[in-house]
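Undergrad: Below is a structure I'd like to ask you about.
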Amino acid sequence: MSRQTNATSKPHVVIVGAGLGGLQAARRLKRADVQVTVVDRGTSHLFQPLLYQCATGLLSEGAISSPIRHLLRRQRNASVVLGEADAVDAQARTISVCRPDESTMTIDYDYLVVAVGMRTAYHGNDSFAQFAPGMKTLDDALAIRRRIIGAFEVAETLPDAAQRRPWLTFAVAGGGPTGVEIAGQIRELATLALEDEFRTIDPTEARVLLLHGGDRVLPSFSPKLSERAQRTLDELGVETVLGVHVTDVTAEDVETTSKAEPHEVVRYPTRTTLWTAGVEAVPFAGVVARALDVEQDRGGRIPVEADLSVAGHPEVFVVGDMSSRDKLPGVAEVAMQGGRHAGAVIAHAAAGGTEREPFKYRDFGSAAYIARRHAVVETGKLNLFGYLGWVAWGVIHIAFLAGMRNRLGTVMSWSATLLTDSRRERAITFGDPETARQPYR
Ligand SMILES: Cc1cc2nc3c(=O)[nH]c(=O)nc-3n(C[C@H](O)[C@H](O)[C@H](O)COP(=O)(O)OP(=O)(O)OC[C@H]3O[C@@H](n4cnc5c(N)ncnc54)[C@H](O)[C@@H]3O)c2cc1C
């Protein structure tokens with residue numbers, strides 16, 4: 001076991017999680033008289049809102065992620081530790097981190113910022129996870145890419161149409177932004193990028209089912225924008241099934257049960273089911289809650305005070321998707337603004353300040369991509385859809401990506417796809433039997 005103690009006399013700020021919230025907290029502390037250690041279980045900061053484009057071959061994993069060390073290279077007061085935080089000792093003010101070599105590292109803190117996000121929730125049906133991956137991490141996106149591209153490849157070599165059908169049927173559980181985006185992208189992949197590449201199958205016949213419990217897709221948007229989105233999905237050829245629960249998933253099919261008529265049970269033969277129907281706190285949230293003696297909310301989030309610190313622990317902050325305050329949504333802006341706020345409060349305290357500003361969230365709205373030249377954007381009273389929405393969506397997402405190189409690379413990939421219809425980021429391999437054949441068990 002190794003130990004990282006604070007070698008300087010400056011307050012030591014440990015930030016767990018270098019996602020959208022954690023990175024902003026670190027950056028906000030750049031000029032503060034503190035020492036910052038950023039701990040993440042991955043080496044890269046990931047921009048989750050474009051994960052579905054990585055999963056469907058439009059963007060590379062490098063375009064939507066940036067090495068944390070690179071992003072913080074000019075921040076002399078910050079260092080980075082690769083490892084998974086798995087314990088907190090609130091009395092001793094230390095966290096334990098499991099390193100890649102399975103050793104444990106103990107890190108002392110004066111301030112702790114927890115920004116570890118959420119993970120996919122299967123609502124008590126954990127057995128679905130092996131057949132229906134969620135989309136929260138880079139690994140998830142690459143696993144989904146493997147399944148989607150692999151399904152077309154398998155279908156191409158099967159002798160008759162009945163055998164090919166389940167391989168060319170893709171079911172997406174959840175009609176929120178992520179479900180709508182991935183469903184639309186699978187249809188676009190099939191109808192534009194793959195159209196001329198196969199000899200036996202016609203990829204444009206790919207059936208995409210969007211299975212949703214509510215009575216309209218994109219329930220967090222206004223009914224008018226939901227309707228616009230639905231129209232575009234219909235035009236794309238996505239089959240939307242509303243008012244159903246997904247009640248079973250196997251390697252060969254997915255079952256839905258009508259919410260209104262529970263005896264109406266339908267099984268759809270499919271070899272690819274994707275899950276976007278909910279999130280829950282990562283296990284580390286429970287560790288933090290127990291260590292700080294606070295109760296998690298229903299989704300496992302940790303309640304925070306007005307300044308985003310935890311009650312009774314003014315030195316510990318929870319920001320982003322994992323924090324619970326005023327029913328703020330789990331979206332990028334909340335995480336980024338929360339991270340900056342926690343950083344500002346710590347910087348102020350480190351400079352001798354005693355008052356703490358409450359966190360005030362500025363809602364800039366939300367956006368969802370439906371299809372090429374179709375997106376919906378809702379900001380205050382302004383609703384954009386169709387081509388205008390699509391341009392606004394593109395500008396917003398480019399602005400949020402970390403690093404100039406990723407921004408330029410993404411604009412170039414989008415432009416190339418628009419001009420040529422091709423999607424080049426489709427590499428999958430079947431070298432490692434453990435991971436590669438998993439979808440087909
Ligand atoms: C597919 C998808 C699409 C989305 N689209 C949109 C959108 O269009 N617009 C929008 O506003 N929001 C969108 N979101 C939500 C947005 O991405 C999140 O709200 C935001 O990323 C939350 O930031 P965070 O810092 O709380 O967590 P994250 O960004 O998830 O970062 C958490 C970090 O913590 C690390 N971590 C986790 N556990 C540990 C541990 N124990 N030890 C060390 N490190 C750990 C992870 O590796 C990760 O780097 C989307 C999310 C997803 C998954």
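By order of appearance in the structure tokens: chains A, B, ..., then residues from 1 within every chain, and ligands from 1 in the order shown.
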Write out as a ChimeraX atom specification each polymer residue whose atoms come within 6 Å of range 59-66 of chain A, counting only C-alpha atoms; drop sequence neighbours fewer than 4 positions from it.

TA: /A:44-47,53-54,406,425

Undergrad: Please produce a file of those selected residues containing N, CA, C and O atoms, as a PDB file, in the first residue's frame.

TA:
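Resulting contents of result27.pdb:
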ATOM      1  N   SER A  44      -8.838   9.095 -19.603  1.00  0.00           N
ATOM      2  CA  SER A  44      -9.389  10.155 -20.446  1.00  0.00           C
ATOM      3  C   SER A  44     -10.641  10.792 -19.886  1.00  0.00           C
ATOM      4  O   SER A  44     -11.466  10.129 -19.255  1.00  0.00           O
ATOM      5  N   HIS A  45     -10.763  12.064 -20.160  1.00  0.00           N
ATOM      6  CA  HIS A  45     -11.997  12.798 -19.893  1.00  0.00           C
ATOM      7  C   HIS A  45     -12.920  12.508 -21.073  1.00  0.00           C
ATOM      8  O   HIS A  45     -12.521  12.652 -22.230  1.00  0.00           O
ATOM      9  N   LEU A  46     -14.142  12.069 -20.766  1.00  0.00           N
ATOM     10  CA  LEU A  46     -15.054  11.627 -21.826  1.00  0.00           C
ATOM     11  C   LEU A  46     -16.214  12.600 -21.983  1.00  0.00           C
ATOM     12  O   LEU A  46     -16.793  13.045 -20.993  1.00  0.00           O
ATOM     13  N   PHE A  47     -16.546  12.898 -23.239  1.00  0.00           N
ATOM     14  CA  PHE A  47     -17.727  13.721 -23.507  1.00  0.00           C
ATOM     15  C   PHE A  47     -18.883  12.784 -23.855  1.00  0.00           C
ATOM     16  O   PHE A  47     -19.068  12.383 -25.007  1.00  0.00           O
ATOM     17  N   GLN A  53     -22.462   8.529 -31.201  1.00  0.00           N
ATOM     18  CA  GLN A  53     -21.837   8.697 -32.518  1.00  0.00           C
ATOM     19  C   GLN A  53     -20.587   7.835 -32.631  1.00  0.00           C
ATOM     20  O   GLN A  53     -20.225   7.387 -33.715  1.00  0.00           O
ATOM     21  N   CYS A  54     -19.944   7.600 -31.501  1.00  0.00           N
ATOM     22  CA  CYS A  54     -18.800   6.684 -31.472  1.00  0.00           C
ATOM     23  C   CYS A  54     -19.306   5.248 -31.653  1.00  0.00           C
ATOM     24  O   CYS A  54     -18.729   4.455 -32.394  1.00  0.00           O
ATOM     25  N   ASN A 406      -9.982  17.953 -30.621  1.00  0.00           N
ATOM     26  CA  ASN A 406     -11.222  17.186 -30.701  1.00  0.00           C
ATOM     27  C   ASN A 406     -12.296  17.949 -31.454  1.00  0.00           C
ATOM     28  O   ASN A 406     -13.089  17.370 -32.203  1.00  0.00           O
ATOM     29  N   GLU A 425     -15.280   5.126 -38.745  1.00  0.00           N
ATOM     30  CA  GLU A 425     -14.874   4.673 -37.402  1.00  0.00           C
ATOM     31  C   GLU A 425     -15.638   3.413 -37.022  1.00  0.00           C
ATOM     32  O   GLU A 425     -16.393   3.393 -36.065  1.00  0.00           O
TER      33      GLU A 425
END

Undergrad: If you take only C-alpha atoms and a cut-off of 10 Å, which residues of range 188-255 of chain A touch range 273-289 of chain A, and what are their nearest atom pairs and distances in Å to one decimal, in chain and number order, as CSV?

TA:
residue,atom,partner,partner_atom,distance
A:Val208,CA,A:Thr273,CA,9.9
A:Leu209,CA,A:Thr273,CA,9.3
A:Leu210,CA,A:Leu274,CA,9.7
A:Leu211,CA,A:Ala277,CA,9.3
A:His212,CA,A:Ala277,CA,8.2
A:Gly213,CA,A:Ala277,CA,9.0
A:His245,CA,A:Ala277,CA,9.8
A:Val246,CA,A:Ala277,CA,9.3
A:Val249,CA,A:Thr273,CA,7.6
A:Thr250,CA,A:Thr273,CA,8.7
A:Ala251,CA,A:Thr273,CA,8.5
A:Glu252,CA,A:Thr273,CA,9.2
A:Asp253,CA,A:Thr273,CA,8.0
A:Val254,CA,A:Thr273,CA,7.2

Undergrad: Any chance you could tabulate, as CSV, the residues of chain A at most 6 Å from ligand 1 with each one's nearest atom pair and distance in Å to one decimal, using only C-alpha atoms and all ligand atoms, in chain and rising number order?

TA:
residue,atom,partner,partner_atom_place_in_ligand_line,distance
A:Val16,CA,ligand 1,43 (C),5.3
A:Gly17,CA,ligand 1,34 (O),3.3
A:Ala18,CA,ligand 1,49 (O),4.5
A:Gly19,CA,ligand 1,31 (O),3.2
A:Leu20,CA,ligand 1,25 (O),4.1
A:Gly21,CA,ligand 1,25 (O),3.5
A:Gly22,CA,ligand 1,25 (O),5.3
A:Val39,CA,ligand 1,43 (C),5.5
A:Asp40,CA,ligand 1,44 (N),3.5
A:Arg41,CA,ligand 1,44 (N),4.3
A:Gly42,CA,ligand 1,47 (O),5.1
A:His45,CA,ligand 1,49 (O),5.6
A:Gln48,CA,ligand 1,17 (O),4.5
A:Pro49,CA,ligand 1,5 (N),3.4
A:Leu51,CA,ligand 1,1 (C),5.3
A:Gly83,CA,ligand 1,43 (C),5.9
A:Glu84,CA,ligand 1,42 (N),3.6
A:Ala85,CA,ligand 1,42 (N),3.9
A:Asp86,CA,ligand 1,41 (N),5.7
A:Ala115,CA,ligand 1,25 (O),4.9
A:Val116,CA,ligand 1,34 (O),3.4
A:Gly117,CA,ligand 1,27 (O),3.3
A:Met118,CA,ligand 1,30 (O),5.9
A:Met135,CA,ligand 1,1 (C),5.3
A:Lys136,CA,ligand 1,53 (C),4.1
A:Thr178,CA,ligand 1,3 (C),5.3
A:Phe284,CA,ligand 1,41 (N),5.2
A:Gly320,CA,ligand 1,26 (O),3.3
A:Asp321,CA,ligand 1,26 (O),3.9
A:Met322,CA,ligand 1,26 (O),5.8
A:Gly330,CA,ligand 1,19 (O),4.4
A:Val331,CA,ligand 1,19 (O),3.3
A:Ala332,CA,ligand 1,11 (O),3.7
A:Glu333,CA,ligand 1,11 (O),5.6
A:Ala335,CA,ligand 1,23 (O),4.8
A:Ala367,CA,ligand 1,8 (O),5.9
A:Ala368,CA,ligand 1,8 (O),5.8

Undergrad: Would you mind exporting N, CA and C atoms of the selected residues as a short mmCIF file (atom, residue, chain, number, x, y, z; two decimals), in the first residue's frame?

TA:
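Final output, selection15.cif:
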data_model
loop_
_atom_site.label_atom_id
_atom_site.label_comp_id
_atom_site.auth_asym_id
_atom_site.auth_seq_id
_atom_site.Cartn_x
_atom_site.Cartn_y
_atom_site.Cartn_z
N VAL A 16 -12.32 13.43 -7.20
CA VAL A 16 -12.53 12.06 -7.69
C VAL A 16 -13.50 12.13 -8.87
N GLY A 17 -13.00 11.76 -10.05
CA GLY A 17 -13.81 11.81 -11.27
C GLY A 17 -13.41 13.00 -12.11
N ALA A 18 -12.91 12.72 -13.32
CA ALA A 18 -12.52 13.80 -14.23
C ALA A 18 -13.46 13.87 -15.42
N GLY A 19 -14.77 13.73 -15.13
CA GLY A 19 -15.79 13.92 -16.16
C GLY A 19 -16.09 15.40 -16.28
N LEU A 20 -17.30 15.71 -16.68
CA LEU A 20 -17.64 17.12 -16.94
C LEU A 20 -17.57 17.96 -15.67
N GLY A 21 -18.01 17.42 -14.53
CA GLY A 21 -17.98 18.19 -13.29
C GLY A 21 -16.58 18.29 -12.70
N GLY A 22 -15.90 17.16 -12.59
CA GLY A 22 -14.58 17.12 -11.96
C GLY A 22 -13.55 17.97 -12.68
N VAL A 39 -8.28 12.20 -9.43
CA VAL A 39 -8.25 10.73 -9.48
C VAL A 39 -9.35 10.27 -10.42
N ASP A 40 -9.02 9.43 -11.40
CA ASP A 40 -10.07 8.86 -12.26
C ASP A 40 -9.70 7.42 -12.58
N ARG A 41 -10.72 6.60 -12.79
CA ARG A 41 -10.45 5.19 -13.10
C ARG A 41 -10.08 5.01 -14.57
N GLY A 42 -10.20 6.08 -15.36
CA GLY A 42 -9.75 6.03 -16.75
C GLY A 42 -8.72 7.12 -16.99
N HIS A 45 -10.76 12.06 -20.16
CA HIS A 45 -12.00 12.80 -19.89
C HIS A 45 -12.92 12.51 -21.07
N GLN A 48 -19.65 12.41 -22.83
CA GLN A 48 -20.70 11.40 -23.01
C GLN A 48 -21.77 11.76 -24.05
N PRO A 49 -22.14 13.04 -24.19
CA PRO A 49 -23.22 13.34 -25.15
C PRO A 49 -22.96 12.88 -26.58
N LEU A 51 -21.34 9.90 -27.25
CA LEU A 51 -21.00 8.47 -27.20
C LEU A 51 -21.72 7.67 -28.30
N GLY A 83 -6.79 5.44 -11.09
CA GLY A 83 -7.22 4.43 -10.13
C GLY A 83 -8.68 4.63 -9.76
N GLU A 84 -9.27 3.62 -9.15
CA GLU A 84 -10.68 3.68 -8.77
C GLU A 84 -10.79 3.94 -7.27
N ALA A 85 -11.40 5.04 -6.90
CA ALA A 85 -11.60 5.34 -5.47
C ALA A 85 -12.60 4.35 -4.91
N ASP A 86 -12.26 3.70 -3.79
CA ASP A 86 -13.20 2.71 -3.26
C ASP A 86 -13.46 2.85 -1.77
N ALA A 115 -17.11 13.63 -7.98
CA ALA A 115 -17.81 13.89 -9.25
C ALA A 115 -17.75 12.63 -10.10
N VAL A 116 -18.33 11.54 -9.57
CA VAL A 116 -18.14 10.24 -10.23
C VAL A 116 -19.28 9.83 -11.15
N GLY A 117 -20.30 10.69 -11.31
CA GLY A 117 -21.35 10.41 -12.29
C GLY A 117 -22.25 9.26 -11.89
N MET A 118 -22.94 8.72 -12.89
CA MET A 118 -23.92 7.65 -12.66
C MET A 118 -23.59 6.46 -13.57
N MET A 135 -25.19 2.80 -22.19
CA MET A 135 -24.18 3.64 -22.83
C MET A 135 -23.76 4.76 -21.88
N LYS A 136 -22.73 4.48 -21.08
CA LYS A 136 -22.23 5.49 -20.15
C LYS A 136 -20.73 5.69 -20.30
N THR A 178 -30.95 9.87 -25.33
CA THR A 178 -29.95 8.88 -25.76
C THR A 178 -30.59 7.78 -26.62
N PHE A 284 -19.56 3.80 -5.64
CA PHE A 284 -18.79 4.70 -4.79
C PHE A 284 -19.69 5.72 -4.08
N GLY A 320 -22.28 17.35 -10.00
CA GLY A 320 -22.64 16.59 -11.20
C GLY A 320 -23.80 15.65 -10.97
N ASP A 321 -23.87 14.62 -11.79
CA ASP A 321 -25.01 13.70 -11.77
C ASP A 321 -25.23 13.07 -10.41
N MET A 322 -24.16 12.92 -9.62
CA MET A 322 -24.30 12.19 -8.36
C MET A 322 -24.84 13.04 -7.22
N GLY A 330 -29.77 15.60 -14.40
CA GLY A 330 -28.42 15.06 -14.62
C GLY A 330 -27.96 15.40 -16.02
N VAL A 331 -27.60 16.64 -16.23
CA VAL A 331 -27.15 17.07 -17.57
C VAL A 331 -25.79 17.76 -17.47
N ALA A 332 -25.19 17.93 -18.63
CA ALA A 332 -23.82 18.45 -18.70
C ALA A 332 -23.67 19.81 -18.02
N GLU A 333 -24.58 20.72 -18.28
CA GLU A 333 -24.44 22.07 -17.73
C GLU A 333 -24.48 22.07 -16.20
N ALA A 335 -23.53 19.69 -14.24
CA ALA A 335 -22.25 19.14 -13.77
C ALA A 335 -21.13 20.18 -13.92
N ALA A 367 -30.79 19.91 -25.76
CA ALA A 367 -30.80 19.63 -27.20
C ALA A 367 -30.72 18.13 -27.44
N ALA A 368 -31.32 17.67 -28.51
CA ALA A 368 -31.20 16.25 -28.89
C ALA A 368 -31.13 16.14 -30.41
#

Undergrad: Rounded to one decimal, what separation in Å do you get between CA of Val304 in chain A and CA of Tyr361 in chain A?

TA: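 So the two atoms, CA of Val304 in chain A and CA of Tyr361 in chain A, lie 14.0 Å apart.
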
Undergrad: Check the DSSP output for the backbone and give back, as a VMD selection string, the residues of range 202-383 of chain A in alpha helix (DSSP H).

TA: chain A and resid 223 to 236 283 to 292 332 to 350

Undergrad: Identify which of the residues A:Ala229, A:Leu308, A:Ala260, A:Ala32 lies closest to Arg325 in chain A, counting only C-alpha atoms when measuring atom-to-atom distances.

TA: A:Leu308

Undergrad: Go through range 240-291 of chain A and collect every residue that DSSP, computed from the backbone, puts in strand (DSSP E or B); the answer should be as a VMD selection string.

TA: chain A and resid 240 to 241 244 to 249 253 to 258 265 to 269 272 to 275 279 to 281

Undergrad: Find the residues near Phe359 in chain A: any atom within 12 Å, counting only C-alpha atoms, skip ones fewer than 6 places away on the same chain, and give them as a compact mmCIF listing (two decimals) with N, CA and C atoms, in the first residue's frame.

TA:
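Produced file part-v6.txt, reproduced below:
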# COMPACT_ATOMS: atom_id res chain seq x y z
N VAL A 304 -26.97 17.53 -1.18
CA VAL A 304 -25.93 18.52 -0.85
C VAL A 304 -26.57 19.81 -0.36
N GLU A 305 -25.78 20.61 0.34
CA GLU A 305 -26.22 21.90 0.84
C GLU A 305 -26.19 22.92 -0.31
N ALA A 306 -26.60 24.16 0.01
CA ALA A 306 -26.69 25.19 -1.03
C ALA A 306 -25.35 25.44 -1.72
N ASP A 307 -24.24 25.25 -0.99
CA ASP A 307 -22.92 25.50 -1.60
C ASP A 307 -22.34 24.24 -2.25
N LEU A 308 -23.12 23.17 -2.31
CA LEU A 308 -22.78 21.86 -2.89
C LEU A 308 -21.89 21.01 -1.98
N SER A 309 -21.69 21.46 -0.72
CA SER A 309 -20.97 20.60 0.23
C SER A 309 -21.98 19.67 0.90
N PHE A 317 -17.41 18.08 -1.14
CA PHE A 317 -18.40 18.56 -2.12
C PHE A 317 -18.78 17.40 -3.04
N VAL A 319 -20.62 16.96 -6.77
CA VAL A 319 -21.12 17.73 -7.91
C VAL A 319 -21.51 16.80 -9.06
N ARG A 325 -29.92 18.05 -5.52
CA ARG A 325 -30.33 19.34 -4.94
C ARG A 325 -31.37 19.99 -5.84
N ASP A 326 -32.45 20.40 -5.29
CA ASP A 326 -33.51 21.13 -6.02
C ASP A 326 -33.94 20.42 -7.30
N LEU A 328 -32.39 19.22 -9.65
CA LEU A 328 -31.65 19.61 -10.86
C LEU A 328 -31.41 18.37 -11.72
N VAL A 334 -25.36 21.25 -15.62
CA VAL A 334 -25.43 21.20 -14.16
C VAL A 334 -24.09 20.72 -13.61
N ALA A 335 -23.53 19.69 -14.24
CA ALA A 335 -22.25 19.14 -13.77
C ALA A 335 -21.13 20.18 -13.92
N MET A 336 -21.07 20.83 -15.07
CA MET A 336 -19.97 21.77 -15.32
C MET A 336 -20.07 23.00 -14.40
N GLN A 337 -21.29 23.54 -14.32
CA GLN A 337 -21.45 24.71 -13.44
C GLN A 337 -21.22 24.32 -11.97
N GLY A 338 -21.67 23.13 -11.59
CA GLY A 338 -21.47 22.66 -10.21
C GLY A 338 -19.99 22.48 -9.91
N GLY A 339 -19.26 21.91 -10.86
CA GLY A 339 -17.81 21.72 -10.67
C GLY A 339 -17.12 23.06 -10.50
N ARG A 340 -17.49 24.01 -11.35
CA ARG A 340 -16.86 25.35 -11.24
C ARG A 340 -17.21 25.99 -9.91
N HIS A 341 -18.45 25.79 -9.46
CA HIS A 341 -18.87 26.41 -8.20
C HIS A 341 -18.07 25.82 -7.02
N ALA A 342 -17.96 24.49 -6.99
CA ALA A 342 -17.20 23.87 -5.88
C ALA A 342 -15.76 24.38 -5.90
N GLY A 343 -15.18 24.48 -7.10
CA GLY A 343 -13.81 25.00 -7.22
C GLY A 343 -13.71 26.42 -6.68
N ALA A 344 -14.72 27.23 -7.00
CA ALA A 344 -14.69 28.63 -6.56
C ALA A 344 -14.81 28.72 -5.04
N VAL A 345 -15.68 27.90 -4.45
CA VAL A 345 -15.86 27.94 -2.99
C VAL A 345 -14.54 27.54 -2.30

Undergrad: Could you tell me how far CA of Gln24 in chain A lies from CA of Leu72 in chain A, in Å and to one decimal?

TA: 10.8 Å

Undergrad: Enter the distance from CA of Arg146 in chain A to CA of Arg271 in chain A, in Å, rounded to one decimal.

TA: 12.2 Å

Undergrad: Would you pick out the contacts of Met105 in chain A at 12 Å or less, using only C-alpha atoms, so that residues sharing its chain but fewer than 2 positions from it are not included, and give the list as a short mmCIF file (atom, residue, chain, number, x, y, z; two decimals) with N, CA and C atoms, in the first residue's frame?

TA:
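Full text of around_33.cif as output:
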data_model
loop_
_atom_site.label_atom_id
_atom_site.label_comp_id
_atom_site.auth_asym_id
_atom_site.auth_seq_id
_atom_site.Cartn_x
_atom_site.Cartn_y
_atom_site.Cartn_z
N MET A 1 0.85 -1.19 0.00
CA MET A 1 0.00 0.00 0.00
C MET A 1 0.88 1.24 0.00
N SER A 2 0.55 2.21 -0.89
CA SER A 2 1.32 3.46 -0.90
C SER A 2 0.45 4.58 -0.34
N ARG A 3 1.10 5.66 0.02
CA ARG A 3 0.37 6.77 0.61
C ARG A 3 0.82 8.08 -0.03
N GLN A 4 -0.14 8.91 -0.41
CA GLN A 4 0.22 10.22 -0.95
C GLN A 4 -0.18 11.27 0.08
N THR A 5 0.83 11.85 0.72
CA THR A 5 0.54 12.91 1.69
C THR A 5 0.86 14.24 1.02
N VAL A 39 -8.28 12.20 -9.43
CA VAL A 39 -8.25 10.73 -9.48
C VAL A 39 -9.35 10.27 -10.42
N VAL A 81 -3.95 10.95 -10.89
CA VAL A 81 -3.71 9.58 -10.43
C VAL A 81 -4.72 8.67 -11.12
N LEU A 82 -4.23 7.61 -11.76
CA LEU A 82 -5.13 6.63 -12.38
C LEU A 82 -5.51 5.59 -11.34
N GLY A 83 -6.79 5.44 -11.09
CA GLY A 83 -7.22 4.43 -10.13
C GLY A 83 -8.68 4.63 -9.76
N GLU A 84 -9.27 3.62 -9.15
CA GLU A 84 -10.68 3.68 -8.77
C GLU A 84 -10.79 3.94 -7.27
N ALA A 85 -11.40 5.04 -6.90
CA ALA A 85 -11.60 5.34 -5.47
C ALA A 85 -12.60 4.35 -4.91
N ASP A 86 -12.26 3.70 -3.79
CA ASP A 86 -13.20 2.71 -3.26
C ASP A 86 -13.46 2.85 -1.77
N ALA A 87 -12.84 3.82 -1.10
CA ALA A 87 -13.13 4.01 0.32
C ALA A 87 -12.83 5.45 0.71
N VAL A 88 -13.58 5.91 1.72
CA VAL A 88 -13.36 7.25 2.27
C VAL A 88 -13.32 7.12 3.79
N THR A 94 -9.05 10.85 4.40
CA THR A 94 -8.29 10.13 3.37
C THR A 94 -9.27 9.39 2.45
N ILE A 95 -8.81 9.15 1.22
CA ILE A 95 -9.54 8.21 0.36
C ILE A 95 -8.58 7.09 -0.04
N SER A 96 -9.15 5.92 -0.34
CA SER A 96 -8.33 4.81 -0.85
C SER A 96 -8.61 4.65 -2.33
N VAL A 97 -7.55 4.36 -3.04
CA VAL A 97 -7.67 4.24 -4.50
C VAL A 97 -7.06 2.92 -4.93
N CYS A 98 -7.84 2.13 -5.68
CA CYS A 98 -7.32 0.86 -6.20
C CYS A 98 -6.62 1.16 -7.53
N ARG A 99 -5.33 0.82 -7.62
CA ARG A 99 -4.53 1.16 -8.79
C ARG A 99 -4.62 0.05 -9.84
N PRO A 100 -4.18 0.31 -11.06
CA PRO A 100 -4.27 -0.71 -12.12
C PRO A 100 -3.55 -2.01 -11.76
N ASP A 101 -2.48 -1.91 -10.94
CA ASP A 101 -1.76 -3.13 -10.55
C ASP A 101 -2.37 -3.78 -9.30
N GLU A 102 -3.58 -3.32 -8.94
CA GLU A 102 -4.35 -3.82 -7.80
C GLU A 102 -3.77 -3.45 -6.45
N SER A 103 -2.77 -2.59 -6.45
CA SER A 103 -2.28 -2.08 -5.16
C SER A 103 -3.24 -0.99 -4.70
N ILE A 107 -4.80 8.50 -0.12
CA ILE A 107 -4.52 9.92 -0.41
C ILE A 107 -5.19 10.79 0.64
N ASP A 108 -4.39 11.66 1.28
CA ASP A 108 -4.93 12.61 2.27
C ASP A 108 -5.59 13.78 1.54
#

Undergrad: Ranking A:Ala162, A:Val411, A:Leu225, A:Val217 by minimum distance to Gly386 in chain A and counting only C-alpha atoms, which one comes first?

TA: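 Closest candidate: A:Leu225.
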
Undergrad: What's the 10 Å shell around Gly312 in chain A, counting only C-alpha atoms, without same-chain residues fewer than 2 positions away, as a PyMOL selection string?

TA: chain A and resi 292-294+305+309-310+314-316

Undergrad: Grab the residues selected above and save them as a PDB file, in the first residue's frame with C-alpha atoms.

TA:
ATOM      1  CA  LEU A 292     -20.316  10.892   5.674  1.00  0.00           C
ATOM      2  CA  ASP A 293     -23.428   9.501   7.344  1.00  0.00           C
ATOM      3  CA  VAL A 294     -25.921  10.914   4.856  1.00  0.00           C
ATOM      4  CA  GLU A 305     -26.217  21.903   0.839  1.00  0.00           C
ATOM      5  CA  SER A 309     -20.969  20.601   0.231  1.00  0.00           C
ATOM      6  CA  VAL A 310     -22.316  17.670   2.226  1.00  0.00           C
ATOM      7  CA  PRO A 314     -17.981  21.498   4.741  1.00  0.00           C
ATOM      8  CA  GLU A 315     -14.733  20.102   3.297  1.00  0.00           C
ATOM      9  CA  VAL A 316     -16.538  17.564   1.059  1.00  0.00           C
TER      10      VAL A 316
END

Undergrad: Between A:Val238, A:Ile396, A:Ala90, A:Leu23, which is the closest to Glu188 in chain A once you count only C-alpha atoms?

TA: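 Checking each of A:Val238, A:Ile396, A:Ala90, A:Leu23 against Glu188 in chain A, counting only C-alpha atoms, the winner is A:Val238.
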
Undergrad: Go through A:Lys10, A:Arg216, A:Arg424, A:Lys224 and flag the residue nearest Gly57 in chain A, using only C-alpha atoms for the distances.

TA: A:Arg424

Undergrad: Excluding Asp297 in chain A and its own-chain neighbours fewer than 5 positions away, which residues fall within 8 Å of it when counting only C-alpha atoms? Please give them as a ChimeraX atom specification.

TA: /A:302-303,324

Undergrad: Just the residues within 12 Å of Arg228 in chain A, please, counting only C-alpha atoms, with nothing from its chain fewer than 4 positions along; format it as a PyMOL selection string.

TA: chain A and resi 216-218+221-224+232-235+368-371+374-377+383-387+389

Undergrad: Of the candidates A:Val180, A:Val241, A:Ser413, A:Ala190, which shows the shortest atom-to-atom distance to Ser226 in chain A, using only C-alpha atoms?

TA: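 Among the listed residues, A:Val180 lies closest to Ser226 in chain A.
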